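Coordinates as given in my_file.txt (compact mmCIF, C-alpha atoms):
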# COMPACT_ATOMS: atom_id res chain seq x y z
CA MET A 50 35.52 -3.05 -6.77
CA PHE A 51 34.49 -6.51 -5.57
CA GLY A 52 32.53 -4.97 -2.70
CA TYR A 53 30.66 -2.71 -5.11
CA PHE A 54 29.57 -5.61 -7.35
CA LYS A 55 28.66 -7.73 -4.33
CA LYS A 56 26.37 -4.98 -3.08
CA LEU A 57 24.92 -4.51 -6.55
CA MET A 58 24.10 -8.21 -6.84
CA LEU A 59 22.42 -8.16 -3.43
CA VAL A 60 20.28 -5.24 -4.54
CA LEU A 61 19.20 -6.97 -7.73
CA LEU A 62 18.45 -10.23 -5.94
CA MET A 63 16.30 -8.40 -3.44
CA ILE A 64 14.33 -6.51 -6.06
CA ALA A 65 13.91 -9.29 -8.59
CA ALA A 66 12.57 -11.80 -6.08
CA PRO A 67 11.65 -10.20 -2.75
CA CYS A 68 12.01 -12.86 -0.08
CA PHE A 69 10.48 -12.35 3.32
CA VAL A 70 11.59 -15.24 5.50
CA PRO A 71 8.67 -16.63 7.52
CA ASP A 72 10.88 -17.81 10.36
CA MET A 73 11.08 -14.82 12.69
CA GLY A 74 13.73 -16.39 14.88
CA ALA A 75 17.30 -15.17 15.22
CA ASN A 76 20.08 -15.71 12.67
CA ARG A 77 17.90 -15.86 9.58
CA SER A 78 19.76 -16.07 6.30
CA PHE A 79 18.59 -13.34 3.95
CA SER A 80 20.12 -12.74 0.52
CA GLY A 81 23.40 -14.13 1.77
CA LEU A 82 23.36 -11.95 4.91
CA MET A 83 22.81 -13.00 8.49
CA ILE A 84 19.89 -11.02 9.90
CA ASP A 85 19.72 -11.05 13.70
CA ASP A 86 16.45 -9.28 14.38
CA ASN A 87 13.32 -7.95 12.72
CA VAL A 88 14.56 -4.36 12.70
CA SER A 89 17.60 -5.41 10.71
CA LEU A 90 15.38 -7.27 8.26
CA GLN A 91 13.20 -4.20 7.79
CA SER A 92 16.18 -1.92 7.31
CA ARG A 93 17.75 -4.29 4.80
CA PHE A 94 14.50 -4.48 2.85
CA VAL A 95 14.39 -0.73 2.36
CA GLU A 96 18.11 -0.36 1.70
CA LEU A 97 18.39 -3.15 -0.84
CA SER A 98 15.09 -2.42 -2.54
CA PHE A 99 15.75 1.20 -3.34
CA SER A 100 19.42 2.12 -3.06
CA ALA A 101 19.89 0.92 -6.64
CA PHE A 102 18.48 4.23 -7.83
CA GLY A 103 21.89 5.60 -6.95
CA PHE A 104 23.82 3.20 -9.20
CA SER A 105 24.57 4.99 -12.43
CA THR A 106 25.78 1.76 -14.07
CA LEU A 107 22.30 0.23 -14.05
CA SER A 108 20.78 0.45 -17.50
CA SER A 109 17.40 2.14 -17.94
CA ASP A 110 15.98 -1.18 -19.18
CA MET A 111 17.13 -2.95 -16.02
CA MET A 112 15.75 -0.23 -13.76
CA ARG A 113 12.45 -0.19 -15.61
CA TYR A 114 12.18 -3.98 -15.26
CA HIS A 115 13.06 -4.20 -11.60
CA PHE A 116 11.28 -1.15 -10.24
CA HIS A 117 8.02 -1.32 -12.19
CA LEU A 118 7.60 2.44 -12.09
CA PRO A 119 3.91 3.36 -12.10
CA GLY A 120 2.44 5.57 -14.75
CA ALA A 121 3.15 9.29 -14.54
CA THR A 122 -0.52 10.07 -13.86
CA PRO A 123 -2.20 7.74 -11.34
CA SER A 124 -5.89 7.11 -11.89
CA LEU A 125 -8.31 8.63 -9.39
CA GLN A 126 -11.20 6.52 -10.71
CA ILE A 127 -12.21 4.03 -8.02
CA SER A 128 -13.39 1.42 -10.51
CA GLU A 129 -10.16 1.37 -12.53
CA LEU A 130 -7.13 -0.81 -11.94
CA GLY A 131 -4.41 0.50 -9.66
CA SER A 132 -0.81 0.63 -10.84
CA LEU A 133 1.31 0.60 -7.68
CA SER A 134 3.48 -2.48 -7.33
CA LYS A 135 3.51 -4.62 -4.22
CA GLY A 136 7.06 -3.54 -3.38
CA ARG A 137 6.24 0.14 -3.72
CA MET A 138 3.17 -0.21 -1.49
CA MET A 139 5.11 -2.10 1.16
CA SER A 140 7.92 0.41 1.25
CA PHE A 141 5.56 3.39 1.35
CA LEU A 142 3.71 2.04 4.37
CA TRP A 143 6.81 0.87 6.21
CA ASN A 144 8.78 4.06 5.56
CA ASN A 145 5.93 6.00 7.18
CA ASN A 146 5.77 3.71 10.22
CA LYS A 147 8.99 1.82 10.83
CA ARG A 148 7.65 0.13 13.95
CA LEU A 149 5.59 -2.17 11.76
CA ASP A 150 6.60 -5.78 11.25
CA ILE A 151 7.52 -6.18 7.58
CA LEU A 152 5.69 -9.51 7.35
CA ARG A 153 2.50 -7.89 8.57
CA VAL A 154 2.98 -5.15 5.99
CA GLU A 155 3.41 -7.72 3.24
CA LYS A 156 0.25 -9.58 4.26
CA LEU A 157 -1.80 -6.39 4.33
CA VAL A 158 -0.53 -5.26 0.93
CA ASP A 159 -1.32 -8.67 -0.57
CA LEU A 160 -4.84 -8.45 0.82
CA TYR A 161 -5.43 -5.01 -0.64
CA ILE A 162 -4.17 -6.05 -4.06
CA ASN A 163 -6.16 -9.30 -4.12
CA GLU A 164 -9.41 -8.02 -2.59
CA SER A 165 -9.37 -4.97 -4.86
CA ALA A 166 -8.83 -7.17 -7.92
CA ALA A 167 -11.76 -9.37 -6.89
CA GLU A 168 -14.10 -6.38 -6.80
CA ALA A 169 -12.56 -4.38 -9.67
CA VAL A 170 -11.51 -1.58 -7.32
CA ASN A 171 -8.44 0.62 -7.69
CA HIS A 172 -6.00 -0.80 -5.13
CA ASP A 173 -3.98 2.43 -5.13
CA ILE A 174 -6.96 4.34 -3.76
CA ALA A 175 -8.07 1.64 -1.32
CA PHE A 176 -4.58 1.18 0.11
CA LEU A 177 -3.75 4.87 0.43
CA GLN A 178 -7.16 5.55 1.94
CA MET A 179 -6.28 2.95 4.56
CA CYS A 180 -2.95 4.70 5.21
CA HIS A 181 -4.78 7.99 5.69
CA GLU A 182 -7.59 6.63 7.86
CA THR A 183 -5.33 4.65 10.21
CA GLY A 184 -2.37 7.03 10.30
CA PHE A 185 -0.20 4.38 8.66
CA LEU A 186 -1.56 1.76 11.08
CA ARG A 187 -0.82 3.84 14.18
CA PHE A 188 -4.55 3.99 15.06
CA THR A 189 -4.33 7.19 17.07
CA GLY A 190 -8.03 8.06 16.65
CA ASP A 191 -11.22 6.42 17.89
CA VAL A 192 -10.60 3.10 16.10
CA ASN A 193 -8.30 0.55 17.76
CA GLU A 194 -5.88 -1.76 15.99
CA TRP A 195 -7.63 -4.96 17.15
CA GLN A 196 -10.84 -3.90 15.34
CA HIS A 197 -9.33 -4.53 11.89
CA ASN A 198 -11.31 -1.51 10.70
CA TYR A 199 -9.06 0.09 8.12
CA CYS A 200 -11.34 2.79 6.77
CA GLY A 201 -13.26 4.17 9.73
CA LEU A 202 -16.51 2.28 9.08
CA GLY A 203 -19.03 3.42 11.67
CA ALA A 204 -16.53 5.71 13.39
CA THR A 205 -18.53 8.93 13.46
CA GLY A 206 -16.34 10.88 15.88
CA ASN A 207 -16.64 11.89 19.54
CA GLY A 208 -15.11 8.62 20.69
CA VAL A 209 -17.36 6.30 18.68
CA PRO A 210 -15.03 3.41 17.74
CA GLY A 211 -17.02 2.09 14.79
CA LEU A 212 -17.26 -1.45 13.52
CA SER A 213 -15.00 -4.37 14.37
CA PHE A 214 -14.03 -7.32 12.18
CA PRO A 215 -12.65 -10.66 13.35
CA THR A 216 -9.61 -10.80 11.06
CA MET A 217 -7.38 -8.66 8.90
CA GLU A 218 -8.86 -10.37 5.84
CA ALA A 219 -12.42 -9.49 6.84
CA GLY A 220 -11.49 -5.90 7.58
CA VAL A 221 -9.81 -5.35 4.21
CA ARG A 222 -12.66 -7.05 2.37
CA ALA A 223 -15.23 -4.88 4.15
CA HIS A 224 -13.27 -1.77 3.16
CA VAL A 225 -12.94 -2.73 -0.49
CA GLN A 226 -16.57 -3.80 -0.80
CA HIS A 227 -17.74 -0.58 0.83
CA LEU A 228 -15.57 1.46 -1.53
CA LYS A 229 -17.03 -0.39 -4.50
CA ALA A 230 -20.56 0.30 -3.27
CA TYR A 231 -19.82 4.02 -3.18
CA ALA A 232 -18.22 4.00 -6.62
CA SER A 233 -20.38 1.63 -8.65
CA THR A 234 -23.80 0.05 -9.08
CA ASP A 235 -22.20 -3.29 -10.02
CA ARG A 236 -22.95 -6.18 -7.70
CA ILE A 237 -20.51 -7.16 -4.97
CA ASN A 238 -18.69 -10.25 -6.21
CA GLY A 239 -17.81 -11.81 -2.89
CA GLU A 240 -19.95 -12.52 0.13
CA ALA A 241 -20.69 -9.21 1.84
CA VAL A 242 -18.74 -8.90 5.07
CA TYR A 243 -20.62 -5.83 6.24
CA GLU A 244 -24.36 -6.48 6.12
CA ARG A 245 -25.34 -2.80 6.23
CA ILE A 246 -23.61 -2.29 2.90
CA ARG A 247 -27.06 -2.73 1.35
CA PHE A 248 -28.02 0.67 2.74
CA VAL A 249 -25.24 2.47 0.86
CA LYS A 250 -26.50 4.70 -1.94
CA ARG A 251 -24.75 3.01 -4.83
CA GLY A 252 -22.58 4.79 -7.38
CA ILE A 253 -22.47 8.19 -5.68
CA ALA A 254 -18.67 8.48 -5.67
CA PRO A 255 -17.01 7.15 -8.83
CA THR A 256 -13.79 9.10 -8.18
CA LEU A 257 -11.56 9.67 -5.18
CA HIS A 258 -12.61 13.29 -4.83
CA ASP A 259 -16.28 12.32 -4.89
CA LEU A 260 -15.70 10.67 -1.50
CA THR A 261 -15.22 14.13 0.04
CA GLY A 262 -18.36 15.03 1.94
CA LYS A 263 -19.76 11.52 1.53
CA TRP A 264 -17.26 9.13 3.07
CA ALA A 265 -15.87 11.83 5.36
CA THR A 266 -16.85 15.40 6.18
CA ASP A 267 -13.31 16.76 5.86
CA PRO A 268 -13.42 19.19 2.89
CA LEU A 269 -9.83 18.22 2.07
CA TYR A 270 -10.40 14.46 2.35
CA GLY A 271 -9.83 13.65 -1.32
CA LYS A 272 -6.87 16.00 -1.65
CA LYS A 273 -5.11 14.46 1.35
CA ILE A 274 -5.40 10.96 -0.08
CA GLU A 275 -4.40 12.15 -3.55
CA ARG A 276 -1.23 13.62 -2.04
CA LEU A 277 -0.37 10.20 -0.57
CA ILE A 278 -1.05 8.55 -3.92
CA SER A 279 1.29 11.02 -5.63
CA GLN A 280 4.04 10.41 -3.08
CA ALA A 281 3.75 6.65 -3.46
CA HIS A 282 3.85 6.93 -7.25
CA ASN A 283 6.73 9.36 -7.63
CA GLY A 284 8.95 7.84 -4.94
CA SER A 285 9.47 11.17 -3.16
CA PHE A 286 8.85 9.48 0.22
CA LEU A 287 12.21 7.75 -0.18
CA GLY A 288 14.13 10.99 -0.44
CA ILE A 289 15.34 10.11 -3.94
CA ARG A 290 14.97 11.72 -7.30
CA VAL A 291 13.98 9.64 -10.30
CA ASN A 292 14.57 10.85 -13.83
CA ARG A 293 11.53 9.41 -15.56
CA ASP A 294 12.77 10.53 -18.98
CA THR A 295 15.55 7.95 -18.82
CA LEU A 296 13.17 5.20 -17.73
CA GLN A 297 10.53 5.46 -20.42
CA ALA A 298 10.20 2.57 -22.84
CA LYS A 299 11.94 3.29 -26.10

Let me see whether you can do it: turn the structure in this file into structure tokens.
Amino acid sequence: MFGYFKKLMLVLLMIAAPCFVPDMGANRSFSGLMIDDNVSLQSRFVELSFSAFGFSTLSSDMMRYHFHLPGATPSLQISELGSLSKGRMMSFLWNNNKRLDILRVEKLVDLYINESAAEAVNHDIAFLQMCHETGFLRFTGDVNEWQHNYCGLGATGNGVPGLSFPTMEAGVRAHVQHLKAYASTDRINGEAVYERIRFVKRGIAPTLHDLTGKWATDPLYGKKIERLISQAHNGSFLGIRVNRDTLQAK
């Protein structure tokens, strides 16, 4: 019984205040556990963050508070606010590419949330478009990882690598600003990272599916990204089942 409650407390501590220790050396203390390597830290993040769905003793109020379940119907409007939480975005990306360093994942998720907020762009769409375009940061196409090009800007196929950006921050900002240009005629709030953004025909793709045939020629482009959005929202990527009826606010 003591072991059960100890594990439960570790789960709640991890979810309530996710702590990613910046020191990547050995023997890092993490939620009372000694973590010896980065793989162990990544595994513990996933285990502690989501295994609580299996605890029947957790009240619906507690689960609703800690897990911040997104709305049942995610918005496909590019100029609306996204609803995925930071934790859900991190876990979705890492669960689809477990070679990634969890600290890198956290930094990228923070950038997508913050840059999207600055330009009034739906961070769900921007982030999941990045996952689709990069193959969950595997970069198996024409674009290389060092380019920090997260949305295939300038990559027209046949080995053309596209644009390169000096930092992760610049690459995410270029993506978000470009997405805003497609979706809206509103001015870009920050300094434009990609100077050729002025040549984009503004407001031609207000929704995710409007990007099909404009951002990419793939006739299933919007549907593929929508499928990722649905998986991230409903938690199916974790191999768990969530009864939303018990988690709705009373």

Subject >> Nearest candidate to Thr266 of chain A (options A:Ser128, A:Gln196, A:Asn145, A:Thr205; using only C-alpha atoms) >> reply: A:Thr205

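If you measure from each of A:His282, A:Arg276, A:Arg148, A:His227 to Phe248 of chain A using all atoms listed in the file, the closest one turns out to be A:His227.
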
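Atom CA of Asn193 of chain A to atom CA of Leu149 of chain A spans 15.4 Å [interatomic distance, one decimal].
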
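Computed from the coordinates, the atom CA of Gly239 of chain A to atom CA of Leu130 of chain A distance equals 17.8 Å.
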
Subject >> Residues near segment 135-140 of chain A, cut-off 7 Å, only C-alpha atoms, skip fewer than 3 positions along chain, as JSON, numbers by chain >> reply: {"A": [95, 143, 144, 154, 155, 158, 281]}

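Among A:Arg251, A:His181, A:Lys147, A:Lys273, the residue with the shortest atom-to-atom distance to Cys200 of chain A, counting all atoms listed in the file, is A:His181.
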
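Distances to Val225 of chain A were evaluated for A:Ala169, A:Ile278, A:Val209, A:Leu152 using only C-alpha atoms, and the minimum falls at A:Ala169.
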
Subject >> Contact residues around Gly211 of chain A with all atoms listed in the file at 8 Å, ignoring same-chain residues under 4 positions, as a PyMOL selection string >> reply: chain A and resi 191-192+198+201-205

Generate the output file for the selected residues, C-alpha atoms, as a PDB file, in the coordinates of the input.
ATOM      1  CA  ASP A 191     -11.220   6.420  17.890  1.00  0.00           C
ATOM      2  CA  VAL A 192     -10.600   3.100  16.100  1.00  0.00           C
ATOM      3  CA  ASN A 198     -11.310  -1.510  10.700  1.00  0.00           C
ATOM      4  CA  GLY A 201     -13.260   4.170   9.730  1.00  0.00           C
ATOM      5  CA  LEU A 202     -16.510   2.280   9.080  1.00  0.00           C
ATOM      6  CA  GLY A 203     -19.030   3.420  11.670  1.00  0.00           C
ATOM      7  CA  ALA A 204     -16.530   5.710  13.390  1.00  0.00           C
ATOM      8  CA  THR A 205     -18.530   8.930  13.460  1.00  0.00           C
TER       9      THR A 205
END

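Put simply, atom CA of Val249 of chain A is 12.7 Å away from atom CA of Asp235 of chain A.
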
Please, can segment 124-144 of chain A be completed to N, CA and C atoms and returned as a PDB file, in the coordinates of the input?
ATOM      1  N   SER A 124      -4.454   6.965 -11.704  1.00  0.00           N
ATOM      2  CA  SER A 124      -5.890   7.110 -11.890  1.00  0.00           C
ATOM      3  C   SER A 124      -6.582   7.387 -10.559  1.00  0.00           C
ATOM      4  N   LEU A 125      -7.517   8.317 -10.572  1.00  0.00           N
ATOM      5  CA  LEU A 125      -8.310   8.630  -9.390  1.00  0.00           C
ATOM      6  C   LEU A 125      -9.723   8.069  -9.520  1.00  0.00           C
ATOM      7  N   GLN A 126      -9.932   7.221 -10.546  1.00  0.00           N
ATOM      8  CA  GLN A 126     -11.200   6.520 -10.710  1.00  0.00           C
ATOM      9  C   GLN A 126     -11.196   5.284  -9.813  1.00  0.00           C
ATOM     10  N   ILE A 127     -12.197   5.136  -8.978  1.00  0.00           N
ATOM     11  CA  ILE A 127     -12.210   4.030  -8.020  1.00  0.00           C
ATOM     12  C   ILE A 127     -12.413   2.693  -8.708  1.00  0.00           C
ATOM     13  N   SER A 128     -13.107   2.685  -9.825  1.00  0.00           N
ATOM     14  CA  SER A 128     -13.390   1.420 -10.510  1.00  0.00           C
ATOM     15  C   SER A 128     -12.396   1.097 -11.616  1.00  0.00           C
ATOM     16  N   GLU A 129     -11.230   1.703 -11.589  1.00  0.00           N
ATOM     17  CA  GLU A 129     -10.160   1.370 -12.530  1.00  0.00           C
ATOM     18  C   GLU A 129      -9.056   0.628 -11.793  1.00  0.00           C
ATOM     19  N   LEU A 130      -8.225  -0.065 -12.544  1.00  0.00           N
ATOM     20  CA  LEU A 130      -7.130  -0.810 -11.940  1.00  0.00           C
ATOM     21  C   LEU A 130      -6.081   0.123 -11.369  1.00  0.00           C
ATOM     22  N   GLY A 131      -5.526  -0.250 -10.217  1.00  0.00           N
ATOM     23  CA  GLY A 131      -4.410   0.500  -9.660  1.00  0.00           C
ATOM     24  C   GLY A 131      -3.118   0.114 -10.359  1.00  0.00           C
ATOM     25  N   SER A 132      -2.075   0.907 -10.156  1.00  0.00           N
ATOM     26  CA  SER A 132      -0.810   0.630 -10.840  1.00  0.00           C
ATOM     27  C   SER A 132       0.386   0.528  -9.907  1.00  0.00           C
ATOM     28  N   LEU A 133       0.200   0.743  -8.608  1.00  0.00           N
ATOM     29  CA  LEU A 133       1.310   0.600  -7.680  1.00  0.00           C
ATOM     30  C   LEU A 133       1.705  -0.861  -7.530  1.00  0.00           C
ATOM     31  N   SER A 134       3.000  -1.118  -7.517  1.00  0.00           N
ATOM     32  CA  SER A 134       3.480  -2.480  -7.330  1.00  0.00           C
ATOM     33  C   SER A 134       3.445  -2.848  -5.858  1.00  0.00           C
ATOM     34  N   LYS A 135       3.484  -4.133  -5.599  1.00  0.00           N
ATOM     35  CA  LYS A 135       3.510  -4.620  -4.220  1.00  0.00           C
ATOM     36  C   LYS A 135       4.693  -4.043  -3.449  1.00  0.00           C
ATOM     37  N   GLY A 136       5.871  -4.056  -4.052  1.00  0.00           N
ATOM     38  CA  GLY A 136       7.060  -3.540  -3.380  1.00  0.00           C
ATOM     39  C   GLY A 136       6.937  -2.073  -3.037  1.00  0.00           C
ATOM     40  N   ARG A 137       6.385  -1.282  -3.974  1.00  0.00           N
ATOM     41  CA  ARG A 137       6.240   0.140  -3.720  1.00  0.00           C
ATOM     42  C   ARG A 137       5.242   0.390  -2.580  1.00  0.00           C
ATOM     43  N   MET A 138       4.161  -0.369  -2.550  1.00  0.00           N
ATOM     44  CA  MET A 138       3.170  -0.210  -1.490  1.00  0.00           C
ATOM     45  C   MET A 138       3.751  -0.584  -0.132  1.00  0.00           C
ATOM     46  N   MET A 139       4.499  -1.677  -0.086  1.00  0.00           N
ATOM     47  CA  MET A 139       5.110  -2.100   1.160  1.00  0.00           C
ATOM     48  C   MET A 139       6.078  -1.046   1.689  1.00  0.00           C
ATOM     49  N   SER A 140       6.915  -0.547   0.815  1.00  0.00           N
ATOM     50  CA  SER A 140       7.920   0.410   1.250  1.00  0.00           C
ATOM     51  C   SER A 140       7.296   1.732   1.681  1.00  0.00           C
ATOM     52  N   PHE A 141       6.221   2.135   0.981  1.00  0.00           N
ATOM     53  CA  PHE A 141       5.560   3.390   1.350  1.00  0.00           C
ATOM     54  C   PHE A 141       4.978   3.295   2.751  1.00  0.00           C
ATOM     55  N   LEU A 142       4.303   2.200   3.041  1.00  0.00           N
ATOM     56  CA  LEU A 142       3.710   2.040   4.370  1.00  0.00           C
ATOM     57  C   LEU A 142       4.793   1.928   5.434  1.00  0.00           C
ATOM     58  N   TRP A 143       5.794   1.082   5.190  1.00  0.00           N
ATOM     59  CA  TRP A 143       6.810   0.870   6.210  1.00  0.00           C
ATOM     60  C   TRP A 143       7.661   2.102   6.447  1.00  0.00           C
ATOM     61  N   ASN A 144       7.971   2.846   5.391  1.00  0.00           N
ATOM     62  CA  ASN A 144       8.780   4.060   5.560  1.00  0.00           C
ATOM     63  C   ASN A 144       8.040   5.124   6.359  1.00  0.00           C
TER      64      ASN A 144
END
